[in-house]
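The file coords-v8.pdb contains PDB, N, CA and C atoms:
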ATOM      1  N   MET A  14       0.829  -1.164   0.000
ATOM      2  CA  MET A  14       0.000   0.000   0.000
ATOM      3  C   MET A  14       0.887   1.245   0.000
ATOM      4  N   LYS A  15       0.463   2.237  -0.747
ATOM      5  CA  LYS A  15       1.212   3.474  -0.855
ATOM      6  C   LYS A  15       1.032   4.310   0.418
ATOM      7  N   ARG A  16       2.136   4.807   0.951
ATOM      8  CA  ARG A  16       2.080   5.628   2.152
ATOM      9  C   ARG A  16       1.854   7.085   1.776
ATOM     10  N   LYS A  17       1.030   7.755   2.566
ATOM     11  CA  LYS A  17       0.839   9.179   2.345
ATOM     12  C   LYS A  17       2.008   9.938   2.946
ATOM     13  N   TYR A  18       2.320  11.058   2.353
ATOM     14  CA  TYR A  18       3.364  11.950   2.842
ATOM     15  C   TYR A  18       4.727  11.260   2.906
ATOM     16  N   GLY A  19       5.039  10.496   1.891
ATOM     17  CA  GLY A  19       6.327   9.812   1.835
ATOM     18  C   GLY A  19       7.493  10.773   1.731
ATOM     19  N   VAL A  20       7.294  11.893   1.045
ATOM     20  CA  VAL A  20       8.363  12.872   0.898
ATOM     21  C   VAL A  20       8.679  13.510   2.245
ATOM     22  N   ALA A  21       7.645  13.771   3.043
ATOM     23  CA  ALA A  21       7.865  14.358   4.371
ATOM     24  C   ALA A  21       8.627  13.382   5.262
ATOM     25  N   GLY A  22       8.309  12.107   5.178
ATOM     26  CA  GLY A  22       9.045  11.108   5.948
ATOM     27  C   GLY A  22      10.498  11.023   5.518
ATOM     28  N   THR A  23      10.723  11.097   4.225
ATOM     29  CA  THR A  23      12.088  11.080   3.706
ATOM     30  C   THR A  23      12.845  12.329   4.152
ATOM     31  N   ALA A  24      12.176  13.475   4.121
ATOM     32  CA  ALA A  24      12.805  14.718   4.579
ATOM     33  C   ALA A  24      13.166  14.625   6.058
ATOM     34  N   ALA A  25      12.318  13.996   6.847
ATOM     35  CA  ALA A  25      12.609  13.834   8.273
ATOM     36  C   ALA A  25      13.844  12.971   8.478
ATOM     37  N   VAL A  26      13.961  11.895   7.722
ATOM     38  CA  VAL A  26      15.140  11.026   7.835
ATOM     39  C   VAL A  26      16.399  11.774   7.411
ATOM     40  N   ILE A  27      16.306  12.535   6.332
ATOM     41  CA  ILE A  27      17.459  13.318   5.868
ATOM     42  C   ILE A  27      17.872  14.341   6.926
ATOM     43  N   LEU A  28      16.893  14.994   7.566
ATOM     44  CA  LEU A  28      17.202  15.967   8.607
ATOM     45  C   LEU A  28      17.847  15.311   9.826
ATOM     46  N   ILE A  29      17.417  14.106  10.164
ATOM     47  CA  ILE A  29      18.030  13.399  11.296
ATOM     48  C   ILE A  29      19.487  13.064  10.984
ATOM     49  N   VAL A  30      19.742  12.563   9.789
ATOM     50  CA  VAL A  30      21.121  12.245   9.386
ATOM     51  C   VAL A  30      21.959  13.512   9.354
ATOM     52  N   LEU A  31      21.405  14.592   8.795
ATOM     53  CA  LEU A  31      22.115  15.863   8.721
ATOM     54  C   LEU A  31      22.409  16.407  10.121
ATOM     55  N   ALA A  32      21.470  16.241  11.039
ATOM     56  CA  ALA A  32      21.680  16.715  12.410
ATOM     57  C   ALA A  32      22.872  16.007  13.047
ATOM     58  N   TRP A  33      22.958  14.695  12.884
ATOM     59  CA  TRP A  33      24.078  13.947  13.459
ATOM     60  C   TRP A  33      25.395  14.325  12.797
ATOM     61  N   ILE A  34      25.372  14.558  11.493
ATOM     62  CA  ILE A  34      26.585  14.989  10.794
ATOM     63  C   ILE A  34      27.045  16.343  11.316
ATOM     64  N   VAL A  35      26.093  17.273  11.484
ATOM     65  CA  VAL A  35      26.422  18.596  12.005
ATOM     66  C   VAL A  35      27.034  18.488  13.399
ATOM     67  N   LEU A  36      26.478  17.628  14.230
ATOM     68  CA  LEU A  36      27.006  17.476  15.586
ATOM     69  C   LEU A  36      28.433  16.935  15.583
ATOM     70  N   VAL A  37      28.655  15.855  14.875
ATOM     71  CA  VAL A  37      29.976  15.216  14.887
ATOM     72  C   VAL A  37      31.020  16.116  14.234
ATOM     73  N   VAL A  38      30.708  16.633  13.053
ATOM     74  CA  VAL A  38      31.673  17.475  12.342
ATOM     75  C   VAL A  38      31.887  18.790  13.083
ATOM     76  N   GLY A  39      30.818  19.368  13.613
ATOM     77  CA  GLY A  39      30.945  20.631  14.335
ATOM     78  C   GLY A  39      31.812  20.523  15.565
ATOM     79  N   VAL A  40      31.634  19.477  16.337
ATOM     80  CA  VAL A  40      32.461  19.292  17.533
ATOM     81  C   VAL A  40      33.917  19.039  17.130
ATOM     82  N   ALA A  41      34.130  18.209  16.132
ATOM     83  CA  ALA A  41      35.495  17.918  15.692
ATOM     84  C   ALA A  41      36.185  19.175  15.164
ATOM     85  N   VAL A  42      35.489  19.950  14.352
ATOM     86  CA  VAL A  42      36.080  21.172  13.793
ATOM     87  C   VAL A  42      36.332  22.199  14.893
ATOM     88  N   SER A  43      35.447  22.277  15.873
ATOM     89  CA  SER A  43      35.646  23.214  16.982
ATOM     90  C   SER A  43      36.901  22.870  17.774
ATOM     91  N   ILE A  44      37.086  21.605  18.040
ATOM     92  CA  ILE A  44      38.277  21.183  18.779
ATOM     93  C   ILE A  44      39.538  21.426  17.950
ATOM     94  N   LEU A  45      39.492  21.088  16.662
ATOM     95  CA  LEU A  45      40.660  21.320  15.797
ATOM     96  C   LEU A  45      40.959  22.808  15.653
ATOM     97  N   ALA A  46      39.920  23.639  15.534
ATOM     98  CA  ALA A  46      40.126  25.082  15.424
ATOM     99  C   ALA A  46      40.746  25.622  16.707
ATOM    100  N   GLY A  47      40.285  25.126  17.840
ATOM    101  CA  GLY A  47      40.874  25.559  19.100
ATOM    102  C   GLY A  47      42.339  25.194  19.197
ATOM    103  N   LEU A  48      42.674  24.011  18.753
ATOM    104  CA  LEU A  48      44.076  23.585  18.785
ATOM    105  C   LEU A  48      44.937  24.391  17.815
ATOM    106  N   MET A  49      44.375  24.717  16.658
ATOM    107  CA  MET A  49      45.125  25.492  15.679
ATOM    108  C   MET A  49      45.353  26.921  16.158
ATOM    109  N   VAL A  50      44.331  27.511  16.767
ATOM    110  CA  VAL A  50      44.431  28.896  17.221
ATOM    111  C   VAL A  50      45.386  29.015  18.405
ATOM    112  N   ALA A  51      45.532  27.947  19.167
ATOM    113  CA  ALA A  51      46.350  27.995  20.378
ATOM    114  C   ALA A  51      47.778  28.466  20.099
ATOM    115  N   GLY A  52      48.295  28.146  18.960
ATOM    116  CA  GLY A  52      49.673  28.499  18.690
ATOM    117  C   GLY A  52      49.884  29.663  17.754
ATOM    118  N   TYR A  53      48.839  30.169  17.119
ATOM    119  CA  TYR A  53      49.058  31.129  16.050
ATOM    120  C   TYR A  53      48.532  32.529  16.298
ATOM    121  N   VAL A  54      47.624  32.724  17.220
ATOM    122  CA  VAL A  54      46.990  34.026  17.356
ATOM    123  C   VAL A  54      47.282  34.590  18.740
ATOM    124  N   ASP A  55      47.668  35.856  18.791
ATOM    125  CA  ASP A  55      47.931  36.525  20.065
ATOM    126  C   ASP A  55      46.742  37.425  20.391
ATOM    127  N   TYR A  56      45.963  37.015  21.381
ATOM    128  CA  TYR A  56      44.759  37.758  21.745
ATOM    129  C   TYR A  56      44.987  38.720  22.902
ATOM    130  N   HIS A  57      46.190  38.907  23.322
ATOM    131  CA  HIS A  57      46.444  39.788  24.466
ATOM    132  C   HIS A  57      46.128  41.243  24.138
ATOM    133  N   ILE A  58      45.958  41.579  22.877
ATOM    134  CA  ILE A  58      45.617  42.939  22.469
ATOM    135  C   ILE A  58      44.221  43.302  22.988
ATOM    136  N   LEU A  59      43.272  42.370  22.949
ATOM    137  CA  LEU A  59      41.893  42.649  23.346
ATOM    138  C   LEU A  59      41.712  42.656  24.859
ATOM    139  N   LEU A  60      42.082  41.597  25.486
ATOM    140  CA  LEU A  60      41.941  41.456  26.931
ATOM    141  C   LEU A  60      43.208  40.825  27.487
ATOM    142  N   ASP A  61      43.389  40.972  28.748
ATOM    143  CA  ASP A  61      44.578  40.396  29.360
ATOM    144  C   ASP A  61      44.270  38.991  29.880
ATOM    145  N   TRP A  62      43.844  38.139  28.984
ATOM    146  CA  TRP A  62      43.558  36.745  29.317
ATOM    147  C   TRP A  62      44.699  35.884  28.814
ATOM    148  N   PRO A  63      44.915  34.775  29.467
ATOM    149  CA  PRO A  63      45.911  33.847  28.913
ATOM    150  C   PRO A  63      45.380  33.195  27.629
ATOM    151  N   ASP A  64      46.303  32.718  26.813
ATOM    152  CA  ASP A  64      45.900  32.103  25.544
ATOM    153  C   ASP A  64      44.965  30.924  25.748
ATOM    154  N   SER A  65      45.150  30.180  26.807
ATOM    155  CA  SER A  65      44.308  29.005  27.026
ATOM    156  C   SER A  65      42.848  29.391  27.234
ATOM    157  N   ALA A  66      42.585  30.567  27.793
ATOM    158  CA  ALA A  66      41.198  31.010  27.986
ATOM    159  C   ALA A  66      40.536  31.290  26.639
ATOM    160  N   TYR A  67      41.260  31.899  25.722
ATOM    161  CA  TYR A  67      40.709  32.162  24.391
ATOM    162  C   TYR A  67      40.440  30.864  23.638
ATOM    163  N   VAL A  68      41.370  29.962  23.738
ATOM    164  CA  VAL A  68      41.205  28.668  23.067
ATOM    165  C   VAL A  68      39.999  27.931  23.647
ATOM    166  N   ALA A  69      39.883  27.928  24.964
ATOM    167  CA  ALA A  69      38.757  27.259  25.606
ATOM    168  C   ALA A  69      37.442  27.926  25.211
ATOM    169  N   LEU A  70      37.422  29.264  25.166
ATOM    170  CA  LEU A  70      36.199  29.981  24.780
ATOM    171  C   LEU A  70      35.818  29.672  23.334
ATOM    172  N   LEU A  71      36.791  29.692  22.443
ATOM    173  CA  LEU A  71      36.529  29.379  21.038
ATOM    174  C   LEU A  71      35.997  27.963  20.881
ATOM    175  N   THR A  72      36.626  27.026  21.538
ATOM    176  CA  THR A  72      36.201  25.634  21.447
ATOM    177  C   THR A  72      34.823  25.439  22.045
ATOM    178  N   LEU A  73      34.586  26.039  23.201
ATOM    179  CA  LEU A  73      33.281  25.910  23.861
ATOM    180  C   LEU A  73      32.161  26.523  23.023
ATOM    181  N   LEU A  74      32.380  27.698  22.468
ATOM    182  CA  LEU A  74      31.349  28.326  21.629
ATOM    183  C   LEU A  74      31.079  27.507  20.367
ATOM    184  N   GLY A  75      32.114  26.932  19.788
ATOM    185  CA  GLY A  75      31.923  26.078  18.617
ATOM    186  C   GLY A  75      31.108  24.834  18.942
ATOM    187  N   ILE A  76      31.415  24.222  20.076
ATOM    188  CA  ILE A  76      30.672  23.033  20.479
ATOM    189  C   ILE A  76      29.225  23.382  20.810
ATOM    190  N   LEU A  77      29.018  24.500  21.520
ATOM    191  CA  LEU A  77      27.645  24.926  21.841
ATOM    192  C   LEU A  77      26.845  25.267  20.582
ATOM    193  N   GLY A  78      27.510  25.895  19.615
ATOM    194  CA  GLY A  78      26.836  26.177  18.349
ATOM    195  C   GLY A  78      26.449  24.897  17.618
ATOM    196  N   SER A  79      27.331  23.923  17.635
ATOM    197  CA  SER A  79      27.034  22.635  17.002
ATOM    198  C   SER A  79      25.869  21.939  17.698
ATOM    199  N   LEU A  80      25.861  22.002  19.024
ATOM    200  CA  LEU A  80      24.747  21.400  19.774
ATOM    201  C   LEU A  80      23.430  22.106  19.481
ATOM    202  N   LEU A  81      23.476  23.415  19.334
ATOM    203  CA  LEU A  81      22.252  24.168  19.033
ATOM    204  C   LEU A  81      21.702  23.783  17.660
ATOM    205  N   TYR A  82      22.566  23.755  16.653
ATOM    206  CA  TYR A  82      22.115  23.357  15.320
ATOM    207  C   TYR A  82      21.614  21.915  15.304
ATOM    208  N   PHE A  83      22.296  21.049  16.031
ATOM    209  CA  PHE A  83      21.862  19.660  16.149
ATOM    210  C   PHE A  83      20.451  19.580  16.727
ATOM    211  N   ALA A  84      20.225  20.299  17.812
ATOM    212  CA  ALA A  84      18.916  20.269  18.468
ATOM    213  C   ALA A  84      17.827  20.824  17.554
ATOM    214  N   LEU A  85      18.122  21.888  16.833
ATOM    215  CA  LEU A  85      17.123  22.472  15.929
ATOM    216  C   LEU A  85      16.785  21.524  14.780
ATOM    217  N   LEU A  86      17.790  20.954  14.155
ATOM    218  CA  LEU A  86      17.539  20.029  13.040
ATOM    219  C   LEU A  86      16.807  18.779  13.504
ATOM    220  N   LEU A  87      17.259  18.211  14.626
ATOM    221  CA  LEU A  87      16.616  17.007  15.134
ATOM    222  C   LEU A  87      15.185  17.308  15.581
ATOM    223  N   GLY A  88      14.985  18.432  16.234
ATOM    224  CA  GLY A  88      13.638  18.815  16.661
ATOM    225  C   GLY A  88      12.701  18.999  15.482
ATOM    226  N   PHE A  89      13.169  19.638  14.433
ATOM    227  CA  PHE A  89      12.325  19.832  13.257
ATOM    228  C   PHE A  89      11.979  18.497  12.602
ATOM    229  N   ALA A  90      12.939  17.587  12.532
ATOM    230  CA  ALA A  90      12.670  16.264  11.965
ATOM    231  C   ALA A  90      11.648  15.515  12.801
ATOM    232  N   LEU A  91      11.750  15.614  14.117
ATOM    233  CA  LEU A  91      10.794  14.920  14.988
ATOM    234  C   LEU A  91       9.405  15.540  14.916
ATOM    235  N   VAL A  92       9.325  16.839  14.688
ATOM    236  CA  VAL A  92       8.017  17.477  14.498
ATOM    237  C   VAL A  92       7.367  16.967  13.213
ATOM    238  N   ILE A  93       8.157  16.811  12.162
ATOM    239  CA  ILE A  93       7.617  16.257  10.914
ATOM    240  C   ILE A  93       7.083  14.850  11.159
ATOM    241  N   ARG A  94       7.863  14.016  11.855
ATOM    242  CA  ARG A  94       7.395  12.656  12.161
ATOM    243  C   ARG A  94       6.143  12.673  13.029
ATOM    244  N   LEU A  95       6.085  13.590  13.983
ATOM    245  CA  LEU A  95       4.910  13.710  14.838
ATOM    246  C   LEU A  95       3.671  14.054  14.025
ATOM    247  N   LEU A  96       3.803  15.006  13.115
ATOM    248  CA  LEU A  96       2.657  15.403  12.290
ATOM    249  C   LEU A  96       2.203  14.266  11.382
ATOM    250  N   ILE A  97       3.139  13.501  10.854
ATOM    251  CA  ILE A  97       2.762  12.346  10.036
ATOM    252  C   ILE A  97       2.012  11.332  10.886
ATOM    253  N   GLY A  98       2.483  11.088  12.106
ATOM    254  CA  GLY A  98       1.803  10.149  13.002
ATOM    255  C   GLY A  98       0.417  10.624  13.406
ATOM    256  N   VAL A  99       0.273  11.908  13.652
ATOM    257  CA  VAL A  99      -1.047  12.460  14.001
ATOM    258  C   VAL A  99      -2.007  12.284  12.836
ATOM    259  N   GLU A 100      -1.527  12.553  11.634
ATOM    260  CA  GLU A 100      -2.378  12.395  10.461
ATOM    261  C   GLU A 100      -2.802  10.939  10.290
ATOM    262  N   ARG A 101      -1.889  10.037  10.462
ATOM    263  CA  ARG A 101      -2.192   8.599  10.318
ATOM    264  C   ARG A 101      -3.210   8.151  11.366
ATOM    265  N   ASN A 102      -2.996   8.547  12.616
ATOM    266  CA  ASN A 102      -3.925   8.151  13.674
ATOM    267  C   ASN A 102      -5.303   8.784  13.493
ATOM    268  N   THR A 103      -5.346  10.009  13.024
ATOM    269  CA  THR A 103      -6.627  10.667  12.765
ATOM    270  C   THR A 103      -7.377   9.963  11.651
ATOM    271  N   ARG A 104      -6.663   9.611  10.586
ATOM    272  CA  ARG A 104      -7.291   8.898   9.481
ATOM    273  C   ARG A 104      -7.795   7.532   9.926
ATOM    274  N   GLU A 105      -7.006   6.837  10.766
ATOM    275  CA  GLU A 105      -7.415   5.532  11.264
ATOM    276  C   GLU A 105      -8.642   5.648  12.166
ATOM    277  N   SER A 106      -8.665   6.652  13.024
ATOM    278  CA  SER A 106      -9.824   6.851  13.906
ATOM    279  C   SER A 106     -11.079   7.152  13.105
ATOM    280  N   ALA A 107     -10.950   7.987  12.087
ATOM    281  CA  ALA A 107     -12.099   8.304  11.248
ATOM    282  C   ALA A 107     -12.596   7.056  10.520
ATOM    283  N   TYR A 108     -11.685   6.227  10.050
ATOM    284  CA  TYR A 108     -12.061   4.997   9.359
ATOM    285  C   TYR A 108     -12.818   4.059  10.300
ATOM    286  N   ARG A 109     -12.294   3.918  11.512
ATOM    287  CA  ARG A 109     -12.944   3.010  12.462
ATOM    288  C   ARG A 109     -14.293   3.542  12.908
ATOM    289  N   LEU A 110     -14.433   4.832  13.053
ATOM    290  CA  LEU A 110     -15.735   5.403  13.413
ATOM    291  C   LEU A 110     -16.736   5.243  12.268
ATOM    292  N   ARG A 111     -16.268   5.415  11.046
ATOM    293  CA  ARG A 111     -17.135   5.318   9.883
ATOM    294  C   ARG A 111     -17.595   3.886   9.643
ATOM    295  N   THR A 112     -16.706   2.918   9.816
ATOM    296  CA  THR A 112     -17.040   1.532   9.484
ATOM    297  C   THR A 112     -17.424   0.692  10.695
ATOM    298  N   GLY A 113     -17.008   1.097  11.876
ATOM    299  CA  GLY A 113     -17.284   0.314  13.074
ATOM    300  C   GLY A 113     -16.398  -0.909  13.200
ATOM    301  N   LYS A 114     -15.386  -1.024  12.368
ATOM    302  CA  LYS A 114     -14.481  -2.176  12.393
ATOM    303  C   LYS A 114     -13.360  -1.949  13.399
ATOM    304  N   ARG A 115     -12.879  -3.042  13.977
ATOM    305  CA  ARG A 115     -11.772  -2.961  14.935
ATOM    306  C   ARG A 115     -10.497  -3.618  14.396
ATOM    307  N   GLU A 116     -10.569  -4.246  13.210
ATOM    308  CA  GLU A 116      -9.376  -4.898  12.695
ATOM    309  C   GLU A 116      -8.394  -3.879  12.141
ATOM    310  N   GLU A 117      -7.310  -4.389  11.601
ATOM    311  CA  GLU A 117      -6.237  -3.539  11.125
ATOM    312  C   GLU A 117      -6.737  -2.524  10.103
ATOM    313  N   PHE A 118      -6.227  -1.359  10.188
ATOM    314  CA  PHE A 118      -6.656  -0.243   9.353
ATOM    315  C   PHE A 118      -6.070  -0.359   7.956
ATOM    316  N   GLU A 119      -6.921  -0.272   6.960
ATOM    317  CA  GLU A 119      -6.517  -0.228   5.549
ATOM    318  C   GLU A 119      -7.138   1.023   4.947
ATOM    319  N   PRO A 120      -6.377   2.075   4.817
ATOM    320  CA  PRO A 120      -6.963   3.332   4.341
ATOM    321  C   PRO A 120      -7.455   3.240   2.901
ATOM    322  N   ILE A 121      -8.511   3.954   2.642
ATOM    323  CA  ILE A 121      -9.083   4.051   1.299
ATOM    324  C   ILE A 121      -8.495   5.281   0.654
ATOM    325  N   GLU A 122      -7.819   5.086  -0.494
ATOM    326  CA  GLU A 122      -7.179   6.240  -1.147
ATOM    327  C   GLU A 122      -7.721   6.435  -2.508
TER
END
Represent the structure contained in this file as structure tokens.
Amino acid sequence: MKRKYGVAGTAAVILIVLAWIVLVVGVAVSILAGLMVAGYVDYHILLDWPDSAYVALLTLLGILGSLLYFALLLGFALVIRLLIGVERNTRESAYRLRTGKREEFEPIE
């Protein structure tokens, strides 16, 4: 049987995969950027902080940004899945109310 909203389900799966990629790559790049900056940039011009504080701040902000994007992408994908599930359950409830049947739902398309 053909599923309704197949493209939305596919988009949700793509967003979930993309969210995990963003998380893994973002954290890795943040750590690598922090390590690279540790030896090459002198931040004492701006504030009188040690270099390790700047590196830690850069790395932490990169990781937090990656986590934020991960949460947004994953949340949006789960909302799509939720809406598909609500639609399916609503259609099934309407079918059962209309026919009075309790067996497995076979939607009429």
Considering only N, CA and C atoms, tabulate each residue of region 22-47 of chain A that lies at most 8 Å from region 84-95 of chain A along with its nearest interatomic pair and the corresponding distance in Å to one decimal; arrange the rows by chain and ascending residue number and present them as a Markdown table.
| residue | atom | partner | partner_atom | distance |
| --- | --- | --- | --- | --- |
| A:Gly22 | CA | A:Arg94 | CA | 6.6 |
| A:Ala24 | C | A:Ala90 | CA | 6.2 |
| A:Ala25 | CA | A:Ala90 | CA | 4.4 |
| A:Val26 | N | A:Ala90 | CA | 6.2 |
| A:Ile27 | C | A:Ala90 | CA | 7.5 |
| A:Leu28 | C | A:Leu86 | C | 5.2 |
| A:Ile29 | CA | A:Leu87 | CA | 5.5 |
| A:Val30 | N | A:Leu87 | CA | 7.6 |
| A:Leu31 | C | A:Leu86 | CA | 6.7 |
| A:Ala32 | CA | A:Leu87 | N | 5.2 |
| A:Trp33 | N | A:Leu87 | N | 6.9 |
| A:Leu36 | CA | A:Ala84 | N | 7.7 |
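Take the candidates A:Arg104, A:Val40, A:Leu96, A:Ala66 and check each one against Leu80 (chain A) using only C-alpha atoms; the shortest distance goes to A:Val40.
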- What does the distance from atom C of Ala21 (chain A) to CA of Arg109 (chain A) come to in Å, to one decimal?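 Result for atom C of Ala21 (chain A) versus CA of Arg109 (chain A): 25.0 Å, one decimal.
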- Item | Option closest in space to Ala69 (chain A), from A:Ala41, A:Gly47, A:Arg101, A:Phe83 [counting only N, CA and C atoms] |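 Under the stated criterion, the closest residue is A:Gly47.
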- Query: atom N of Tyr18 (chain A) to CA of Val99 (chain A): how many Å, to one decimal?
  - Reply: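 Computed distance, atom N of Tyr18 (chain A) to CA of Val99 (chain A), equals 12.2 Å.
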- Query: Separation of CA of Glu100 (chain A) and atom N of Leu81 (chain A), in Å?
  - Reply: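 Computing it gives 29.5 Å between the two atoms.
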- Selection dump of the PyMOL selection byres ((chain A and resi 39) around 8), as a PyMOL selection string: chain A and resi 33-38+40-45+75-80
